[in-house]
Amino acid sequence: MLLRQLEYLVALARERHFARAAAACYVSQPSLSAAIRKLEHELDVPIVRRGRRFEGLTPEGERVLEWAHKVLAERDALQQEVSAMRGGLAGTLRMGAIPTALTAASLLTSPFCARHPRARVSLASLSSREITGRLDEFELDVAMTYLDDDTLHQVRKFPLYEERYLLLTPEDGGSAARTSVGWAEVAALPLCLLSPQMRNRRIMDEYFAAEGVTAAPAIETDTVAALYAHLGGGRWSSVISHAWLHMFGVPAGMRVLPLTGPADGPRVGLVVADRDPVAPLARALLEVARHARIRDTLDGLLSTHVRGA
């Protein structure tokens, strides 16, 4: 059995199409098909359900796929350990992050790359459900997400910071002269918010409901960048996480105000699969996180912008 055969199987399961899997592996489709047939012969079990097109894996194939993920992950970890002994960590750290935490990810990835110049980072924006699935399937080394998410299972958690919510509003708006504002008052403003499928928005909706109101934003989006693109024109207000200040700051013509009532959201942190040993690249990022003082950095930004306002 060759590792290449396992790589082909993982690609086929991911792409669910022989031609796309072959293209992803930079081989011809006949070569990929022949390698998987050889794997079936060596294991003496059917792995792929075949028809006119790819129809999925057999039960035996699903079990082989689980082991393929494990074997390839162990191969990668071995290469990382050896490279570290030879001259420093090398390889690609595969990292996922929920969209609302992406704005703070550079507080980890930049010092990580500075400390390990031979390593690279592949950072993907993923939902919490996608993060869980990719950790289970050995497709991520580490992820940045909400730690109290009930979709997380069999992971190790490393807290980084707690989301703190603020009102971002035009300087010439009715609320701008205030020193703080309540959730009920925010709901009455012309709002641009994240869309309801985002965990961040659902948390905010709970806070609005606790004040007996419902927010009805005129604009909803599933990215922080698109949300900020609508701000600064003097029309819309938004509730933001203080972590977004690291990337976007406060747009010209706007000011940021503390919220009364619930203003602290859930914990954000790093998670790795609960298995030993932890991959060397993931272990190195956790070590960077221990010294990065992300909570202090973000709280400092919050204090500066609120004091400046």
# chains A, B, ... in the order shown; residues from 1 in each chain; ligands from 1

$ residues_around --residues "Pro30 (chain A)" --least-positions-apart "5" --cutoff "12 Å" --atoms "only C-alpha atoms" --output "PyMOL selection string"
chain A and resi 8+18-19+21-23+35-37

$ write_last_selection --atoms "all heavy atoms" --output "short mmCIF file (atom, residue, chain, number, x, y, z; two decimals), in the first residue's frame"
data_model
loop_
_atom_site.label_atom_id
_atom_site.label_comp_id
_atom_site.auth_asym_id
_atom_site.auth_seq_id
_atom_site.Cartn_x
_atom_site.Cartn_y
_atom_site.Cartn_z
N TYR A 8 -5.08 9.72 -3.06
CA TYR A 8 -6.08 9.69 -4.13
C TYR A 8 -7.47 9.41 -3.56
O TYR A 8 -8.46 10.01 -3.98
CB TYR A 8 -5.72 8.62 -5.15
CG TYR A 8 -4.48 8.91 -5.98
CD1 TYR A 8 -3.90 7.92 -6.77
CD2 TYR A 8 -3.88 10.16 -5.97
CE1 TYR A 8 -2.78 8.16 -7.53
CE2 TYR A 8 -2.75 10.42 -6.71
CZ TYR A 8 -2.20 9.42 -7.50
OH TYR A 8 -1.08 9.67 -8.24
N PHE A 18 -14.35 11.62 -10.17
CA PHE A 18 -13.04 11.07 -10.52
C PHE A 18 -12.18 12.09 -11.25
O PHE A 18 -10.98 12.24 -10.93
CB PHE A 18 -13.22 9.81 -11.39
CG PHE A 18 -13.50 8.57 -10.60
CD1 PHE A 18 -14.79 8.13 -10.40
CD2 PHE A 18 -12.45 7.83 -10.05
CE1 PHE A 18 -15.04 6.98 -9.67
CE2 PHE A 18 -12.69 6.67 -9.32
CZ PHE A 18 -14.01 6.24 -9.12
N ALA A 19 -12.73 12.81 -12.21
CA ALA A 19 -11.93 13.75 -12.99
C ALA A 19 -11.44 14.91 -12.12
O ALA A 19 -10.27 15.31 -12.20
CB ALA A 19 -12.73 14.28 -14.18
N ALA A 21 -11.01 14.85 -8.85
CA ALA A 21 -10.03 14.31 -7.91
C ALA A 21 -8.67 14.14 -8.60
O ALA A 21 -7.63 14.45 -8.02
CB ALA A 21 -10.51 12.98 -7.34
N ALA A 22 -8.69 13.64 -9.82
CA ALA A 22 -7.44 13.46 -10.56
C ALA A 22 -6.76 14.81 -10.80
O ALA A 22 -5.54 14.95 -10.63
CB ALA A 22 -7.72 12.75 -11.89
N ALA A 23 -7.55 15.82 -11.17
CA ALA A 23 -6.98 17.14 -11.40
C ALA A 23 -6.39 17.70 -10.12
O ALA A 23 -5.33 18.34 -10.14
CB ALA A 23 -8.06 18.08 -11.96
N ALA A 35 -5.01 3.35 -9.34
CA ALA A 35 -4.44 3.32 -8.00
C ALA A 35 -5.48 2.91 -6.96
O ALA A 35 -5.18 2.13 -6.04
CB ALA A 35 -3.86 4.68 -7.64
N ILE A 36 -6.70 3.39 -7.09
CA ILE A 36 -7.74 3.02 -6.13
C ILE A 36 -8.16 1.57 -6.32
O ILE A 36 -8.42 0.85 -5.35
CB ILE A 36 -8.93 3.99 -6.26
CG1 ILE A 36 -8.51 5.37 -5.75
CG2 ILE A 36 -10.14 3.48 -5.48
CD1 ILE A 36 -9.56 6.43 -5.82
N ARG A 37 -8.21 1.09 -7.55
CA ARG A 37 -8.50 -0.33 -7.78
C ARG A 37 -7.40 -1.21 -7.17
O ARG A 37 -7.69 -2.28 -6.61
CB ARG A 37 -8.63 -0.60 -9.29
CG ARG A 37 -9.91 -0.09 -9.89
CD ARG A 37 -10.07 -0.57 -11.33
NE ARG A 37 -11.25 -0.03 -11.96
CZ ARG A 37 -12.48 -0.51 -11.82
NH1 ARG A 37 -12.69 -1.54 -11.03
NH2 ARG A 37 -13.49 0.06 -12.45
#

$ select_by_dssp --residues "region 10-126 of chain A" --states "strand (DSSP E or B)" --output "number ranges by chain"
A: 48-50, 54-57, 91-97, 119-125

$ closest_atom_pairs --of "region 109-210 of chain A" --to "region 293-303 of chain A" --cutoff "12 Å" --atoms "only C-alpha atoms" --output "tab-separated table"
residue	atom	partner	partner_atom	distance
A:Thr109	CA	A:Ile294	CA	11.9
A:Pro111	CA	A:Ile294	CA	11.7
A:Pro159	CA	A:Arg295	CA	9.4
A:Leu160	CA	A:Arg295	CA	6.2
A:Tyr161	CA	A:Arg295	CA	4.8
A:Glu162	CA	A:Arg295	CA	7.6
A:Glu163	CA	A:Leu298	CA	9.5
A:Arg164	CA	A:Leu302	CA	8.7
A:Tyr165	CA	A:Leu302	CA	9.9
A:Leu166	CA	A:Leu302	CA	9.1
A:Leu167	CA	A:Leu302	CA	11.9

$ closest_residue --among "A:His230, A:Arg202, A:Arg290, A:Arg178" --to "Pro258 (chain A)" --atoms "only C-alpha atoms"
A:Arg178

$ closest_residue --among "A:His69, A:Ala292, A:Leu285, A:Ala279" --to "Leu107 (chain A)" --atoms "only C-alpha atoms"
A:Ala292

$ residues_around --residues "Gly173 (chain A)" --least-positions-apart "4" --cutoff "10 Å" --atoms "only C-alpha atoms" --output "ChimeraX atom specification"
/A:169,177,189,234-237,254-255

$ atom_distance --atom1 "CA of Leu259 (chain A)" --atom2 "CA of Trp183 (chain A)"
6.9 Å

$ atom_distance --atom1 "CA of His41 (chain A)" --atom2 "CA of Arg134 (chain A)"
28.7 Å

$ select_by_dssp --residues "region 101-130 of chain A" --states "alpha helix (DSSP H)" --output "PyMOL selection string"
chain A and resi 102-115+128-130

$ write_last_selection --atoms "N, CA, C and O atoms" --output "mmCIF file, in the first residue's frame"
data_model
loop_
_atom_site.group_PDB
_atom_site.id
_atom_site.type_symbol
_atom_site.label_atom_id
_atom_site.label_comp_id
_atom_site.auth_asym_id
_atom_site.auth_seq_id
_atom_site.Cartn_x
_atom_site.Cartn_y
_atom_site.Cartn_z
ATOM 1 N N LEU A 102 -11.738 36.242 12.171
ATOM 2 C CA LEU A 102 -10.673 36.418 11.183
ATOM 3 C C LEU A 102 -9.931 37.732 11.374
ATOM 4 O O LEU A 102 -8.733 37.825 11.089
ATOM 5 N N THR A 103 -10.643 38.752 11.848
ATOM 6 C CA THR A 103 -10.014 40.066 11.979
ATOM 7 C C THR A 103 -8.883 40.067 12.999
ATOM 8 O O THR A 103 -7.995 40.923 12.947
ATOM 9 N N ALA A 104 -8.902 39.117 13.940
ATOM 10 C CA ALA A 104 -7.855 39.058 14.966
ATOM 11 C C ALA A 104 -6.831 37.965 14.686
ATOM 12 O O ALA A 104 -5.862 37.818 15.434
ATOM 13 N N ALA A 105 -7.031 37.188 13.623
ATOM 14 C CA ALA A 105 -6.153 36.045 13.363
ATOM 15 C C ALA A 105 -4.706 36.466 13.140
ATOM 16 O O ALA A 105 -3.771 35.742 13.502
ATOM 17 N N SER A 106 -4.506 37.648 12.551
ATOM 18 C CA SER A 106 -3.131 38.080 12.268
ATOM 19 C C SER A 106 -2.321 38.311 13.536
ATOM 20 O O SER A 106 -1.086 38.314 13.493
ATOM 21 N N LEU A 107 -2.998 38.507 14.683
ATOM 22 C CA LEU A 107 -2.281 38.651 15.948
ATOM 23 C C LEU A 107 -1.575 37.354 16.338
ATOM 24 O O LEU A 107 -0.689 37.358 17.180
ATOM 25 N N LEU A 108 -1.975 36.249 15.697
ATOM 26 C CA LEU A 108 -1.314 34.959 15.915
ATOM 27 C C LEU A 108 -0.439 34.560 14.729
ATOM 28 O O LEU A 108 0.690 34.119 14.909
ATOM 29 N N THR A 109 -0.977 34.707 13.522
ATOM 30 C CA THR A 109 -0.251 34.187 12.365
ATOM 31 C C THR A 109 1.026 34.976 12.072
ATOM 32 O O THR A 109 2.035 34.389 11.662
ATOM 33 N N SER A 110 0.991 36.291 12.292
ATOM 34 C CA SER A 110 2.201 37.082 12.020
ATOM 35 C C SER A 110 3.352 36.716 12.954
ATOM 36 O O SER A 110 4.473 36.451 12.492
ATOM 37 N N PRO A 111 3.140 36.674 14.287
ATOM 38 C CA PRO A 111 4.253 36.249 15.147
ATOM 39 C C PRO A 111 4.646 34.783 14.934
ATOM 40 O O PRO A 111 5.811 34.430 15.097
ATOM 41 N N PHE A 112 3.679 33.947 14.535
ATOM 42 C CA PHE A 112 4.010 32.553 14.235
ATOM 43 C C PHE A 112 4.999 32.487 13.074
ATOM 44 O O PHE A 112 6.021 31.781 13.142
ATOM 45 N N CYS A 113 4.723 33.218 11.988
ATOM 46 C CA CYS A 113 5.619 33.192 10.826
ATOM 47 C C CYS A 113 6.962 33.840 11.143
ATOM 48 O O CYS A 113 7.996 33.432 10.608
ATOM 49 N N ALA A 114 6.952 34.853 12.028
ATOM 50 C CA ALA A 114 8.214 35.487 12.412
ATOM 51 C C ALA A 114 9.081 34.522 13.199
ATOM 52 O O ALA A 114 10.313 34.488 13.034
ATOM 53 N N ARG A 115 8.452 33.702 14.034
ATOM 54 C CA ARG A 115 9.207 32.751 14.846
ATOM 55 C C ARG A 115 9.619 31.524 14.040
ATOM 56 O O ARG A 115 10.656 30.914 14.322
ATOM 57 N N SER A 128 -18.584 27.258 12.106
ATOM 58 C CA SER A 128 -18.202 26.382 13.217
ATOM 59 C C SER A 128 -18.469 24.920 12.878
ATOM 60 O O SER A 128 -17.708 24.037 13.283
ATOM 61 N N ARG A 129 -19.516 24.654 12.126
ATOM 62 C CA ARG A 129 -19.807 23.267 11.736
ATOM 63 C C ARG A 129 -18.738 22.734 10.786
ATOM 64 O O ARG A 129 -18.310 21.576 10.892
ATOM 65 N N GLU A 130 -18.303 23.579 9.850
ATOM 66 C CA GLU A 130 -17.239 23.159 8.931
ATOM 67 C C GLU A 130 -15.944 22.923 9.691
ATOM 68 O O GLU A 130 -15.191 21.983 9.372
#

$ decode --residues "region 70-86 of chain A" --atoms "N, CA, C and O atoms" --output "short mmCIF file (atom, residue, chain, number, x, y, z; two decimals), in the first residue's frame"
data_model
loop_
_atom_site.label_atom_id
_atom_site.label_comp_id
_atom_site.auth_asym_id
_atom_site.auth_seq_id
_atom_site.Cartn_x
_atom_site.Cartn_y
_atom_site.Cartn_z
N LYS A 70 -6.06 9.49 9.02
CA LYS A 70 -5.14 9.35 10.16
C LYS A 70 -3.71 9.11 9.68
O LYS A 70 -2.77 9.72 10.19
N VAL A 71 -3.55 8.21 8.74
CA VAL A 71 -2.20 7.86 8.26
C VAL A 71 -1.53 9.07 7.63
O VAL A 71 -0.35 9.35 7.89
N LEU A 72 -2.27 9.81 6.81
CA LEU A 72 -1.68 10.98 6.15
C LEU A 72 -1.37 12.08 7.15
O LEU A 72 -0.37 12.79 7.00
N ALA A 73 -2.22 12.23 8.17
CA ALA A 73 -1.93 13.22 9.21
C ALA A 73 -0.66 12.84 9.98
O ALA A 73 0.16 13.70 10.32
N GLU A 74 -0.50 11.56 10.28
CA GLU A 74 0.71 11.10 10.96
C GLU A 74 1.94 11.29 10.08
O GLU A 74 3.01 11.66 10.57
N ARG A 75 1.78 11.08 8.78
CA ARG A 75 2.89 11.33 7.84
C ARG A 75 3.31 12.79 7.90
O ARG A 75 4.51 13.10 7.97
N ASP A 76 2.32 13.69 7.86
CA ASP A 76 2.62 15.12 7.90
C ASP A 76 3.30 15.51 9.21
O ASP A 76 4.25 16.30 9.24
N ALA A 77 2.79 14.96 10.33
CA ALA A 77 3.38 15.26 11.63
C ALA A 77 4.83 14.77 11.71
O ALA A 77 5.70 15.44 12.26
N LEU A 78 5.08 13.59 11.15
CA LEU A 78 6.45 13.06 11.13
C LEU A 78 7.37 13.98 10.35
O LEU A 78 8.49 14.29 10.79
N GLN A 79 6.91 14.45 9.19
CA GLN A 79 7.73 15.35 8.38
C GLN A 79 8.02 16.65 9.14
O GLN A 79 9.13 17.18 9.08
N GLN A 80 7.01 17.16 9.86
CA GLN A 80 7.21 18.38 10.63
C GLN A 80 8.22 18.18 11.76
O GLN A 80 9.08 19.03 12.01
N GLU A 81 8.12 17.05 12.47
CA GLU A 81 9.06 16.76 13.57
C GLU A 81 10.48 16.67 13.05
O GLU A 81 11.42 17.23 13.64
N VAL A 82 10.66 15.98 11.94
CA VAL A 82 12.00 15.80 11.39
C VAL A 82 12.57 17.12 10.90
O VAL A 82 13.74 17.44 11.11
N SER A 83 11.70 17.94 10.24
CA SER A 83 12.18 19.22 9.74
C SER A 83 12.58 20.14 10.89
O SER A 83 13.55 20.90 10.79
N ALA A 84 11.85 20.06 12.00
CA ALA A 84 12.19 20.88 13.16
C ALA A 84 13.55 20.49 13.72
O ALA A 84 14.33 21.35 14.15
N MET A 85 13.85 19.21 13.71
CA MET A 85 15.15 18.75 14.20
C MET A 85 16.27 19.15 13.25
O MET A 85 17.39 19.40 13.67
N ARG A 86 15.93 19.24 11.98
CA ARG A 86 16.97 19.49 10.98
C ARG A 86 17.30 20.97 10.85
O ARG A 86 18.42 21.31 10.53
#
